[in-house]
file upload26.txt (compact mmCIF, C-alpha atoms)
# COMPACT_ATOMS: atom_id res chain seq x y z
CA MET A 44 88.86 80.98 129.44
CA SER A 45 91.15 80.30 132.43
CA ARG A 46 90.10 81.08 136.00
CA LEU A 47 92.66 83.92 136.10
CA SER A 48 91.33 85.38 132.85
CA ARG A 49 87.74 85.12 134.11
CA THR A 50 88.75 86.82 137.37
CA GLY A 51 90.49 89.65 135.51
CA PHE A 52 87.49 90.14 133.23
CA TRP A 53 85.08 90.14 136.19
CA PHE A 54 87.27 92.63 138.09
CA LYS A 55 87.35 95.06 135.16
CA GLU A 56 83.60 94.77 134.72
CA VAL A 57 83.03 95.52 138.41
CA LEU A 58 85.32 98.56 138.24
CA ALA A 59 83.53 99.79 135.14
CA GLY A 60 80.18 99.31 136.85
CA LEU A 61 81.29 101.25 139.92
CA ALA A 62 82.64 104.07 137.77
CA ALA A 63 79.42 104.18 135.77
CA ALA A 64 77.38 104.35 138.98
CA SER A 65 79.24 107.46 140.14
CA GLY A 66 78.81 110.73 138.28
CA ILE A 67 82.36 111.83 139.01
CA GLY A 68 83.72 108.38 138.26
CA TYR A 69 81.83 108.27 134.96
CA VAL A 70 83.22 111.62 133.78
CA ALA A 71 86.72 110.75 134.95
CA THR A 72 86.64 107.42 133.12
CA ALA A 73 85.21 108.98 129.96
CA TYR A 74 87.94 111.62 130.03
CA THR A 75 90.65 108.99 130.53
CA VAL A 76 89.35 106.89 127.65
CA SER A 77 89.16 109.99 125.43
CA ARG A 78 92.77 110.86 126.26
CA TRP A 79 93.81 107.29 125.44
CA LEU A 80 91.97 107.28 122.11
CA THR A 81 93.56 110.56 120.98
CA ARG A 82 97.04 109.87 122.39
CA THR A 83 100.24 110.43 120.45
CA SER A 84 101.99 107.50 118.75
CA ARG A 85 105.64 108.48 118.71
CA SER A 86 108.08 106.07 117.10
CA ARG A 87 111.02 106.02 114.73
CA PRO A 88 109.83 104.67 111.36
CA TYR A 89 111.39 101.27 110.81
CA PRO A 90 112.22 99.64 108.54
CA THR A 91 113.27 102.28 106.04
CA PRO A 92 113.25 102.02 102.22
CA GLU A 93 116.79 100.62 102.45
CA ARG A 94 115.22 97.24 103.29
CA HIS A 95 114.00 97.09 99.69
CA GLY A 96 117.24 98.47 98.29
CA LEU A 97 115.63 101.86 97.62
CA PRO A 98 117.57 105.12 98.04
CA PHE A 99 115.53 107.77 99.82
CA GLU A 100 115.60 111.39 100.96
CA ASN A 101 114.51 112.56 104.41
CA VAL A 102 112.23 115.57 104.00
CA GLU A 103 110.14 117.95 106.11
CA CYS A 104 107.18 120.26 105.63
CA VAL A 105 105.13 122.50 107.94
CA THR A 106 101.34 122.50 108.20
CA ALA A 107 99.18 125.61 108.15
CA ASP A 108 98.70 125.30 111.92
CA GLY A 109 102.43 125.09 112.56
CA TYR A 110 103.30 121.40 112.98
CA ARG A 111 106.51 120.11 111.45
CA LEU A 112 106.03 116.82 109.62
CA ARG A 113 108.80 114.41 108.67
CA GLY A 114 108.80 112.05 105.74
CA TRP A 115 110.57 110.21 102.92
CA VAL A 116 110.89 110.72 99.19
CA VAL A 117 111.75 107.62 97.17
CA GLU A 118 112.80 108.59 93.64
CA PRO A 119 113.09 105.89 90.96
CA PRO A 120 114.98 106.63 87.76
CA ALA A 121 112.94 108.77 85.34
CA ALA A 122 109.90 108.98 87.62
CA ARG A 123 106.74 109.51 85.55
CA ALA A 124 104.37 110.62 88.33
CA THR A 125 104.21 111.08 92.11
CA VAL A 126 102.18 108.98 94.53
CA THR A 127 101.72 110.41 98.02
CA LEU A 128 100.95 107.86 100.76
CA PHE A 129 99.19 108.52 104.07
CA HIS A 130 99.31 105.94 106.87
CA GLY A 131 96.69 104.80 109.35
CA LEU A 132 96.07 105.42 113.06
CA ARG A 133 98.82 104.22 115.46
CA HIS A 134 101.20 103.70 112.54
CA ASN A 135 103.81 105.82 110.81
CA ARG A 136 105.20 106.12 107.28
CA ALA A 137 106.80 102.66 107.61
CA GLN A 138 103.28 101.21 107.14
CA THR A 139 103.45 102.37 103.53
CA LEU A 140 106.81 100.77 102.79
CA ASP A 141 105.60 97.58 101.05
CA ARG A 142 103.37 99.76 98.88
CA ILE A 143 106.29 102.07 98.10
CA ALA A 144 108.34 99.05 96.98
CA PHE A 145 105.99 98.00 94.17
CA LEU A 146 105.05 101.56 93.23
CA ALA A 147 108.69 102.65 92.89
CA ALA A 148 109.42 99.51 90.84
CA ALA A 149 106.65 100.63 88.46
CA GLY A 150 108.28 104.05 88.03
CA TYR A 151 106.35 106.14 90.53
CA ARG A 152 108.03 108.64 92.83
CA CYS A 153 106.72 107.96 96.36
CA VAL A 154 106.27 110.55 99.09
CA ALA A 155 105.25 109.38 102.58
CA PHE A 156 105.03 111.48 105.75
CA ASP A 157 104.21 110.77 109.38
CA HIS A 158 100.90 112.36 110.38
CA ARG A 159 100.85 114.78 113.30
CA ALA A 160 101.37 113.10 116.69
CA HIS A 161 102.66 109.99 114.90
CA GLY A 162 106.14 108.75 114.10
CA GLN A 163 108.62 111.64 114.13
CA SER A 164 106.16 114.43 113.34
CA GLU A 165 105.10 117.08 115.83
CA GLY A 166 101.62 117.18 117.34
CA ARG A 167 99.78 116.84 120.64
CA ARG A 168 96.93 114.47 119.75
CA THR A 169 95.25 112.63 116.93
CA SER A 170 91.76 113.43 115.66
CA PHE A 171 90.98 110.29 113.59
CA GLY A 172 91.84 112.04 110.33
CA TYR A 173 89.99 115.34 110.73
CA ASN A 174 92.84 117.70 111.69
CA GLU A 175 95.23 115.36 109.88
CA SER A 176 93.63 116.77 106.73
CA ARG A 177 95.98 119.74 107.23
CA ASP A 178 98.90 117.32 107.02
CA VAL A 179 97.56 116.07 103.69
CA THR A 180 97.25 119.61 102.36
CA ALA A 181 100.79 120.52 103.44
CA VAL A 182 102.29 117.41 101.87
CA LEU A 183 100.46 117.82 98.57
CA GLU A 184 101.35 121.50 98.35
CA THR A 185 105.00 120.54 98.85
CA VAL A 186 104.73 117.93 96.10
CA ARG A 187 103.13 120.37 93.66
CA GLN A 188 105.90 122.90 94.34
CA ARG A 189 108.72 120.40 93.79
CA TRP A 190 107.28 118.59 90.75
CA PRO A 191 104.77 121.02 89.23
CA HIS A 192 104.54 119.43 85.79
CA GLN A 193 103.92 115.77 86.68
CA PRO A 194 100.70 113.95 87.62
CA VAL A 195 100.03 113.45 91.34
CA ALA A 196 98.02 110.66 92.98
CA ALA A 197 97.22 110.11 96.66
CA LEU A 198 96.78 106.81 98.49
CA GLY A 199 95.37 106.85 102.03
CA ILE A 200 95.12 103.92 104.43
CA SER A 201 92.30 103.92 107.00
CA MET A 202 92.84 107.17 108.96
CA GLY A 203 95.03 108.42 106.11
CA ALA A 204 92.16 107.82 103.69
CA ALA A 205 89.81 109.71 106.03
CA ALA A 206 92.29 112.61 106.20
CA LEU A 207 92.27 112.74 102.40
CA CYS A 208 88.48 112.97 102.40
CA PHE A 209 88.40 115.75 105.00
CA ALA A 210 90.95 117.69 102.93
CA ALA A 211 89.20 117.12 99.60
CA GLY A 212 87.74 120.61 99.28
CA GLN A 213 91.05 122.38 100.01
CA LEU A 214 93.49 120.26 98.01
CA PRO A 215 95.43 121.15 94.90
CA ARG A 216 93.75 119.10 92.20
CA LEU A 217 94.67 115.41 92.31
CA ASP A 218 94.89 113.23 89.22
CA ALA A 219 93.91 109.99 91.01
CA VAL A 220 92.74 109.09 94.53
CA LEU A 221 92.96 105.68 96.23
CA LEU A 222 91.05 105.21 99.48
CA GLU A 223 92.00 102.00 101.26
CA SER A 224 90.15 100.48 104.26
CA LEU A 225 88.20 103.71 104.78
CA TYR A 226 85.65 103.93 107.59
CA HIS A 227 82.17 105.31 106.88
CA ASP A 228 81.79 107.44 110.04
CA LEU A 229 83.50 107.56 113.43
CA ASP A 230 80.53 106.55 115.57
CA SER A 231 79.92 103.26 113.74
CA THR A 232 83.67 102.56 113.70
CA PHE A 233 83.90 103.08 117.46
CA ARG A 234 81.01 100.65 117.96
CA LYS A 235 82.70 98.02 115.77
CA ARG A 236 85.92 98.20 117.76
CA ILE A 237 84.26 97.64 121.14
CA GLY A 238 84.85 94.04 122.09
CA THR A 239 87.57 93.60 119.44
CA ARG A 240 90.16 96.39 119.50
CA PHE A 241 88.64 98.04 122.58
CA PRO A 242 87.50 96.44 125.89
CA SER A 243 83.82 95.56 126.04
CA TRP A 244 83.31 97.82 129.09
CA PHE A 245 83.93 100.86 126.84
CA ARG A 246 80.30 100.39 125.77
CA ARG A 247 79.06 101.75 129.11
CA PHE A 248 80.99 104.98 128.58
CA ARG A 249 80.39 105.49 124.88
CA ARG A 250 78.17 108.57 125.21
CA GLY A 251 80.49 110.15 127.75
CA VAL A 252 83.59 109.44 125.68
CA ILE A 253 81.95 111.06 122.65
CA TRP A 254 80.86 114.09 124.67
CA VAL A 255 84.34 114.61 126.16
CA THR A 256 86.17 113.98 122.89
CA GLU A 257 83.99 116.44 120.98
CA ARG A 258 84.90 119.14 123.46
CA ARG A 259 88.57 118.27 123.59
CA LEU A 260 88.90 118.33 119.79
CA GLY A 261 86.45 121.18 119.19
CA LEU A 262 84.49 118.99 116.78
CA ARG A 263 81.07 117.44 116.49
CA LEU A 264 80.88 113.71 115.84
CA GLU A 265 78.93 114.30 112.63
CA GLN A 266 81.94 116.20 111.24
CA ILE A 267 84.17 113.12 111.57
CA ALA A 268 82.38 111.19 108.84
CA PRO A 269 84.29 110.65 105.57
CA VAL A 270 81.01 109.81 103.80
CA ASN A 271 80.10 113.51 103.98
CA TYR A 272 83.28 114.56 102.16
CA VAL A 273 84.09 111.75 99.73
CA ASP A 274 82.33 113.53 96.86
CA GLY A 275 84.82 116.42 97.06
CA PHE A 276 87.49 114.81 94.86
CA ALA A 277 85.58 115.29 91.62
CA PRO A 278 86.57 115.33 88.82
CA ALA A 279 89.52 113.14 89.94
CA PRO A 280 88.93 109.38 89.56
CA VAL A 281 88.51 107.57 92.90
CA LEU A 282 89.28 103.94 93.71
CA LEU A 283 87.84 102.51 96.95
CA LEU A 284 89.50 99.32 98.23
CA THR A 285 88.75 97.13 101.21
CA GLY A 286 89.09 93.50 102.23
CA SER A 287 86.19 91.08 102.18
CA ALA A 288 87.06 90.10 105.78
CA ASP A 289 87.58 93.65 107.07
CA GLY A 290 85.36 94.06 110.14
CA LEU A 291 86.31 97.72 110.73
CA ALA A 292 85.89 99.02 107.17
CA PRO A 293 83.67 96.26 105.73
CA PRO A 294 82.56 96.01 102.10
CA SER A 295 79.16 97.41 103.09
CA ASP A 296 80.85 100.63 104.22
CA SER A 297 82.82 100.86 100.98
CA GLU A 298 79.66 100.32 98.95
CA ARG A 299 77.93 103.17 100.80
CA LEU A 300 80.95 105.42 100.27
CA PHE A 301 81.08 104.39 96.62
CA ALA A 302 77.45 105.42 96.20
CA ARG A 303 78.37 108.95 97.34
CA CYS A 304 81.31 109.30 94.93
CA PRO A 305 80.62 110.98 91.60
CA GLU A 306 82.02 109.40 88.45
CA PRO A 307 84.68 108.39 87.60
CA ARG A 308 84.79 105.89 90.48
CA GLU A 309 85.78 102.27 91.04
CA LEU A 310 85.33 99.75 93.86
CA ALA A 311 87.59 96.79 94.61
CA ILE A 312 86.87 94.17 97.28
CA ILE A 313 90.01 92.08 97.86
CA PRO A 314 89.05 88.49 98.87
CA ASP A 315 90.01 87.03 102.26
CA VAL A 316 91.77 90.19 103.51
CA ASP A 317 91.11 92.01 106.78
CA HIS A 318 91.94 95.51 108.05
CA THR A 319 95.58 94.71 108.82
CA ASN A 320 96.94 92.61 105.96
CA MET A 321 95.88 94.24 102.71
CA VAL A 322 99.32 94.11 101.09
CA GLU A 323 100.36 90.67 102.31
CA GLY A 324 96.94 89.01 102.03
CA GLY A 325 95.93 90.77 98.84
CA GLY A 326 99.13 89.80 97.04
CA HIS A 327 99.23 90.27 93.28
CA ARG A 328 95.50 91.03 93.07
CA TYR A 329 95.92 94.04 95.38
CA ARG A 330 99.08 95.25 93.58
CA ASP A 331 97.62 94.76 90.11
CA THR A 332 94.43 96.61 91.04
CA ILE A 333 96.38 99.66 92.18
CA LEU A 334 98.90 99.67 89.34
CA ASP A 335 96.21 99.24 86.71
CA PHE A 336 94.15 102.11 88.17
CA LEU A 337 97.18 104.41 88.27
CA GLU A 338 98.39 103.46 84.80
CA ARG A 339 95.02 104.10 83.16
CA ASN A 340 94.32 107.40 84.88
CA LEU A 341 97.77 108.97 85.09
CA ARG A 342 98.57 108.02 81.48
CA ARG A 343 95.52 110.02 80.43
CA VAL A 344 96.79 113.03 82.40
CA ARG A 345 100.26 112.76 80.83
CA ARG A 346 98.73 112.63 77.35
CA ALA A 347 96.60 115.70 78.05
CA ALA A 348 99.69 117.56 79.31
call {"tool": "encode", "arguments": {"input": "upload26.txt", "output": "C-alpha cells"}}
result
Amino acid sequence: MSRLSRTGFWFKEVLAGLAAASGIGYVATAYTVSRWLTRTSRSRPYPTPERHGLPFENVECVTADGYRLRGWVVEPPAARATVTLFHGLRHNRAQTLDRIAFLAAAGYRCVAFDHRAHGQSEGRRTSFGYNESRDVTAVLETVRQRWPHQPVAALGISMGAAALCFAAGQLPRLDAVLLESLYHDLDSTFRKRIGTRFPSWFRRFRRGVIWVTERRLGLRLEQIAPVNYVDGFAPAPVLLLTGSADGLAPPSDSERLFARCPEPRELAIIPDVDHTNMVEGGGHRYRDTILDFLERNLRRVRRAA
C-alpha cells in the first residue's frame, strides 16, 4: 500500500472513530450510509437486444403501489414459452441481455423490466428486493394477460431472485423458477460486503445503519430474508444456481436455501464463477444447466395443457 493510500485509509478511520464517539455524529453517519445503500440507480439500459441482432418491443406496466416500470419484450419466431428476467441491485434490464440472447435462440420469449428506482423505472429507493416483489407481481400479471395459454418461467439474479422469493405467495402460478446468486438473509450479506464492496469502517455503524434503514423502509431486518419465503413457490420446480467462488451468495447459502425448498428442486454450483461473472465464467455449463431445466419442466407443462 502506498503512503498516500495508507494516509487516506488512516484519515477515513479517524473520521469514522470521531463520528462513532459522538452520539449525533453516529446517527448522522448511520443515516447517510442508509441513504447511500437504498439510493436510486438511474441509467438508460445499454446495450439493447439489437447488439445480438434481436428485435424487441419497449413495454411498460404499473405496480400495485403506483410505480411505472419500463422493460423489453424479445419475441423469437413461434415462441413456445415466456421467461421473465429480473436483474440485480445497481443494475438494470441490460444485465439480463446475455441471458436473453441464448434463451431467445432456444425459442423462449423473454420479458425483462427495470426494477423500481433502477434503470428507467420510477421509484424513490431500493429495498434489497422486498418492495421490488411488487414489481415482480406486476410484470408476471402482465405476462399472464398477454400470453395466457403458454408456460411462464421466472429467472431472478441476486436482488431479482430475492424479489421473486418475497413475491412467491402472491404470484400467479409459475411453471419454473430459477434463483441465481441468491443471498440467504440481508444481515449476513451486509456483513460479507464490509471490507469488500463496502468500506471496512461501515462495521462500526452496522447496528445504527440497520436501525435507521428499518425505520426508513418500514421493515424489520428479519423480513428481508429470502430463506423465509423460498418455500412459497411450490409446486413449481425451483433451480438454485450460484458460483463456487461467489463470496456474497456462496454455495453454503444456496445449500441452506435448497434445504428449505420443497420438491421438485435442483441445485447447481457453477465452478470457478463469482457473483459478477456467471454468464461469462459459467459458459456452456451455465447455459446448458438453465436450458435443460427449462426444457424438462416447461415441456411437461405444455404436454399437460
call {"tool": "residues_around", "arguments": {"input": "upload26.txt", "residues": "Arg111 in chain A", "least_positions_apart": "4", "cutoff": "9 Å", "atoms": "all atoms listed in the file", "output": "VMD selection string"}}
result
chain A and resid 103 to 106 159 164 to 166
call {"tool": "write_last_selection", "arguments": {"input": "upload26.txt", "atoms": "C-alpha atoms", "output": "CSV table (one decimal), in the frame of the given file"}}
result
chain,number,residue,atom,x,y,z
A,103,GLU,CA,110.1,118.0,106.1
A,104,CYS,CA,107.2,120.3,105.6
A,105,VAL,CA,105.1,122.5,107.9
A,106,THR,CA,101.3,122.5,108.2
A,159,ARG,CA,100.8,114.8,113.3
A,164,SER,CA,106.2,114.4,113.3
A,165,GLU,CA,105.1,117.1,115.8
A,166,GLY,CA,101.6,117.2,117.3
call {"tool": "closest_residue", "arguments": {"input": "upload26.txt", "among": "A:Arg189, A:His227, A:Arg85, A:Arg263", "to": "Thr285 in chain A", "atoms": "all atoms listed in the file"}}
result
A:His227
call {"tool": "closest_residue", "arguments": {"input": "upload26.txt", "among": "A:His158, A:Leu140, A:Val117, A:Glu323", "to": "Ser86 in chain A", "atoms": "only C-alpha atoms"}}
result
A:His158
call {"tool": "residues_around", "arguments": {"input": "upload26.txt", "residues": "range 216-222 of chain A", "least_positions_apart": "3", "cutoff": "8 Å", "atoms": "all atoms listed in the file", "output": "number ranges by chain"}}
result
A: 194-201, 204, 225, 276, 279-284, 337, 340-341, 344
call {"tool": "residues_around", "arguments": {"input": "upload26.txt", "residues": "Pro215 in chain A", "least_positions_apart": "6", "cutoff": "12 Å", "atoms": "all atoms listed in the file", "output": "number ranges by chain"}}
result
A: 179-188, 191, 194-197, 207, 275-277, 279
call {"tool": "closest_residue", "arguments": {"input": "upload26.txt", "among": "A:Ala148, A:Thr256, A:Ala210, A:Arg87", "to": "Arg168 in chain A", "atoms": "all atoms listed in the file"}}
result
A:Thr256
call {"tool": "atom_distance", "arguments": {"input": "upload26.txt", "atom1": "CA of Gly290 in chain A", "atom2": "CA of Gly212 in chain A"}}
result
28.8 Å
call {"tool": "closest_residue", "arguments": {"input": "upload26.txt", "among": "A:Thr81, A:Val116, A:Leu291, A:Pro269", "to": "Arg234 in chain A", "atoms": "all atoms listed in the file"}}
result
A:Leu291
call {"tool": "residues_near_point", "arguments": {"input": "upload26.txt", "point": "(82.6, 112.5, 113.8)", "cutoff": "12 Å", "atoms": "all atoms listed in the file", "output": "ChimeraX atom specification"}}
result
/A:170-174,205,209,226-233,253-254,256-258,260-272
call {"tool": "atom_distance", "arguments": {"input": "upload26.txt", "atom1": "CA of Asn101 in chain A", "atom2": "CA of Gly114 in chain A"}}
result
5.9 Å
call {"tool": "atom_distance", "arguments": {"input": "upload26.txt", "atom1": "CA of Val154 in chain A", "atom2": "CA of Leu97 in chain A"}}
result
12.9 Å
call {"tool": "closest_residue", "arguments": {"input": "upload26.txt", "among": "A:Pro88, A:Gly203, A:Gly324, A:Pro98", "to": "Ala147 in chain A", "atoms": "only C-alpha atoms"}}
result
A:Pro98
call {"tool": "closest_residue", "arguments": {"input": "upload26.txt", "among": "A:Ala155, A:Val76, A:Ala121, A:Ala149", "to": "Thr91 in chain A", "atoms": "only C-alpha atoms"}}
result
A:Ala155
call {"tool": "residues_around", "arguments": {"input": "upload26.txt", "residues": "Arg167 in chain A", "least_positions_apart": "6", "cutoff": "8 Å", "atoms": "all atoms listed in the file", "output": "PyMOL selection string"}}
result
chain A and resi 82-83+159-160
call {"tool": "build_atoms", "arguments": {"input": "upload26.txt", "residues": "range 249-285 of chain A", "atoms": "N, CA and C atoms", "output": "PDB file, keeping the file's coordinate frame"}}
result
ATOM      1  N   ARG A 249      80.329 104.991 126.245  1.00  0.00           N
ATOM      2  CA  ARG A 249      80.390 105.490 124.880  1.00  0.00           C
ATOM      3  C   ARG A 249      79.882 106.929 124.767  1.00  0.00           C
ATOM      4  N   ARG A 250      78.726 107.218 125.318  1.00  0.00           N
ATOM      5  CA  ARG A 250      78.170 108.570 125.210  1.00  0.00           C
ATOM      6  C   ARG A 250      79.076 109.593 125.879  1.00  0.00           C
ATOM      7  N   GLY A 251      79.604 109.230 127.039  1.00  0.00           N
ATOM      8  CA  GLY A 251      80.490 110.150 127.750  1.00  0.00           C
ATOM      9  C   GLY A 251      81.791 110.377 127.012  1.00  0.00           C
ATOM     10  N   VAL A 252      82.339 109.316 126.443  1.00  0.00           N
ATOM     11  CA  VAL A 252      83.590 109.440 125.680  1.00  0.00           C
ATOM     12  C   VAL A 252      83.373 110.364 124.485  1.00  0.00           C
ATOM     13  N   ILE A 253      82.253 110.195 123.792  1.00  0.00           N
ATOM     14  CA  ILE A 253      81.950 111.060 122.650  1.00  0.00           C
ATOM     15  C   ILE A 253      81.819 112.503 123.096  1.00  0.00           C
ATOM     16  N   TRP A 254      81.087 112.728 124.176  1.00  0.00           N
ATOM     17  CA  TRP A 254      80.860 114.090 124.670  1.00  0.00           C
ATOM     18  C   TRP A 254      82.187 114.762 125.029  1.00  0.00           C
ATOM     19  N   VAL A 255      83.049 114.052 125.746  1.00  0.00           N
ATOM     20  CA  VAL A 255      84.340 114.610 126.160  1.00  0.00           C
ATOM     21  C   VAL A 255      85.238 114.850 124.944  1.00  0.00           C
ATOM     22  N   THR A 256      85.280 113.875 124.043  1.00  0.00           N
ATOM     23  CA  THR A 256      86.170 113.980 122.890  1.00  0.00           C
ATOM     24  C   THR A 256      85.758 115.126 121.971  1.00  0.00           C
ATOM     25  N   GLU A 257      84.456 115.313 121.790  1.00  0.00           N
ATOM     26  CA  GLU A 257      83.990 116.440 120.980  1.00  0.00           C
ATOM     27  C   GLU A 257      84.496 117.758 121.538  1.00  0.00           C
ATOM     28  N   ARG A 258      84.467 117.884 122.836  1.00  0.00           N
ATOM     29  CA  ARG A 258      84.900 119.140 123.460  1.00  0.00           C
ATOM     30  C   ARG A 258      86.412 119.286 123.469  1.00  0.00           C
ATOM     31  N   ARG A 259      87.115 118.191 123.617  1.00  0.00           N
ATOM     32  CA  ARG A 259      88.570 118.270 123.590  1.00  0.00           C
ATOM     33  C   ARG A 259      89.099 118.612 122.201  1.00  0.00           C
ATOM     34  N   LEU A 260      88.445 118.085 121.156  1.00  0.00           N
ATOM     35  CA  LEU A 260      88.900 118.330 119.790  1.00  0.00           C
ATOM     36  C   LEU A 260      88.232 119.547 119.152  1.00  0.00           C
ATOM     37  N   GLY A 261      87.180 120.065 119.791  1.00  0.00           N
ATOM     38  CA  GLY A 261      86.450 121.180 119.190  1.00  0.00           C
ATOM     39  C   GLY A 261      85.683 120.774 117.946  1.00  0.00           C
ATOM     40  N   LEU A 262      85.187 119.535 117.928  1.00  0.00           N
ATOM     41  CA  LEU A 262      84.490 118.990 116.780  1.00  0.00           C
ATOM     42  C   LEU A 262      83.187 118.330 117.212  1.00  0.00           C
ATOM     43  N   ARG A 263      82.252 118.249 116.277  1.00  0.00           N
ATOM     44  CA  ARG A 263      81.070 117.440 116.490  1.00  0.00           C
ATOM     45  C   ARG A 263      81.286 116.091 115.816  1.00  0.00           C
ATOM     46  N   LEU A 264      80.685 115.047 116.381  1.00  0.00           N
ATOM     47  CA  LEU A 264      80.880 113.710 115.840  1.00  0.00           C
ATOM     48  C   LEU A 264      80.462 113.625 114.375  1.00  0.00           C
ATOM     49  N   GLU A 265      79.410 114.362 114.009  1.00  0.00           N
ATOM     50  CA  GLU A 265      78.930 114.300 112.630  1.00  0.00           C
ATOM     51  C   GLU A 265      79.987 114.813 111.651  1.00  0.00           C
ATOM     52  N   GLN A 266      80.893 115.684 112.119  1.00  0.00           N
ATOM     53  CA  GLN A 266      81.940 116.200 111.240  1.00  0.00           C
ATOM     54  C   GLN A 266      82.962 115.125 110.886  1.00  0.00           C
ATOM     55  N   ILE A 267      83.140 114.139 111.789  1.00  0.00           N
ATOM     56  CA  ILE A 267      84.170 113.120 111.570  1.00  0.00           C
ATOM     57  C   ILE A 267      83.526 111.935 110.853  1.00  0.00           C
ATOM     58  N   ALA A 268      83.072 112.203 109.646  1.00  0.00           N
ATOM     59  CA  ALA A 268      82.380 111.190 108.840  1.00  0.00           C
ATOM     60  C   ALA A 268      82.835 111.350 107.394  1.00  0.00           C
ATOM     61  N   PRO A 269      83.790 110.539 106.943  1.00  0.00           N
ATOM     62  CA  PRO A 269      84.290 110.650 105.570  1.00  0.00           C
ATOM     63  C   PRO A 269      83.195 110.613 104.510  1.00  0.00           C
ATOM     64  N   VAL A 270      82.079 109.916 104.788  1.00  0.00           N
ATOM     65  CA  VAL A 270      81.010 109.810 103.800  1.00  0.00           C
ATOM     66  C   VAL A 270      80.477 111.177 103.400  1.00  0.00           C
ATOM     67  N   ASN A 271      80.599 112.174 104.288  1.00  0.00           N
ATOM     68  CA  ASN A 271      80.100 113.510 103.980  1.00  0.00           C
ATOM     69  C   ASN A 271      81.060 114.332 103.134  1.00  0.00           C
ATOM     70  N   TYR A 272      82.245 113.800 102.872  1.00  0.00           N
ATOM     71  CA  TYR A 272      83.280 114.560 102.160  1.00  0.00           C
ATOM     72  C   TYR A 272      83.797 113.838 100.918  1.00  0.00           C
ATOM     73  N   VAL A 273      83.463 112.564 100.771  1.00  0.00           N
ATOM     74  CA  VAL A 273      84.090 111.750  99.730  1.00  0.00           C
ATOM     75  C   VAL A 273      83.729 112.211  98.318  1.00  0.00           C
ATOM     76  N   ASP A 274      82.694 113.027  98.189  1.00  0.00           N
ATOM     77  CA  ASP A 274      82.330 113.530  96.860  1.00  0.00           C
ATOM     78  C   ASP A 274      83.163 114.739  96.457  1.00  0.00           C
ATOM     79  N   GLY A 275      84.070 115.193  97.334  1.00  0.00           N
ATOM     80  CA  GLY A 275      84.820 116.420  97.060  1.00  0.00           C
ATOM     81  C   GLY A 275      86.015 116.262  96.154  1.00  0.00           C
ATOM     82  N   PHE A 276      86.333 115.025  95.722  1.00  0.00           N
ATOM     83  CA  PHE A 276      87.490 114.810  94.860  1.00  0.00           C
ATOM     84  C   PHE A 276      87.205 115.071  93.390  1.00  0.00           C
ATOM     85  N   ALA A 277      85.944 115.118  93.033  1.00  0.00           N
ATOM     86  CA  ALA A 277      85.580 115.290  91.620  1.00  0.00           C
ATOM     87  C   ALA A 277      86.289 116.514  91.034  1.00  0.00           C
ATOM     88  N   PRO A 278      86.777 116.398  89.802  1.00  0.00           N
ATOM     89  CA  PRO A 278      86.570 115.330  88.820  1.00  0.00           C
ATOM     90  C   PRO A 278      87.653 114.232  88.851  1.00  0.00           C
ATOM     91  N   ALA A 279      88.485 114.168  89.885  1.00  0.00           N
ATOM     92  CA  ALA A 279      89.520 113.140  89.940  1.00  0.00           C
ATOM     93  C   ALA A 279      88.890 111.755  90.068  1.00  0.00           C
ATOM     94  N   PRO A 280      89.430 110.748  89.395  1.00  0.00           N
ATOM     95  CA  PRO A 280      88.930 109.380  89.560  1.00  0.00           C
ATOM     96  C   PRO A 280      89.266 108.850  90.946  1.00  0.00           C
ATOM     97  N   VAL A 281      88.348 108.105  91.547  1.00  0.00           N
ATOM     98  CA  VAL A 281      88.510 107.570  92.900  1.00  0.00           C
ATOM     99  C   VAL A 281      88.396 106.054  92.859  1.00  0.00           C
ATOM    100  N   LEU A 282      89.337 105.393  93.519  1.00  0.00           N
ATOM    101  CA  LEU A 282      89.280 103.940  93.710  1.00  0.00           C
ATOM    102  C   LEU A 282      89.130 103.654  95.201  1.00  0.00           C
ATOM    103  N   LEU A 283      88.064 102.961  95.573  1.00  0.00           N
ATOM    104  CA  LEU A 283      87.840 102.510  96.950  1.00  0.00           C
ATOM    105  C   LEU A 283      88.235 101.037  97.041  1.00  0.00           C
ATOM    106  N   LEU A 284      89.080 100.702  98.026  1.00  0.00           N
ATOM    107  CA  LEU A 284      89.500  99.320  98.230  1.00  0.00           C
ATOM    108  C   LEU A 284      89.252  98.919  99.676  1.00  0.00           C
ATOM    109  N   THR A 285      88.807  97.693  99.874  1.00  0.00           N
ATOM    110  CA  THR A 285      88.750  97.130 101.210  1.00  0.00           C
ATOM    111  C   THR A 285      88.834  95.609 101.088  1.00  0.00           C
TER     112      THR A 285
END
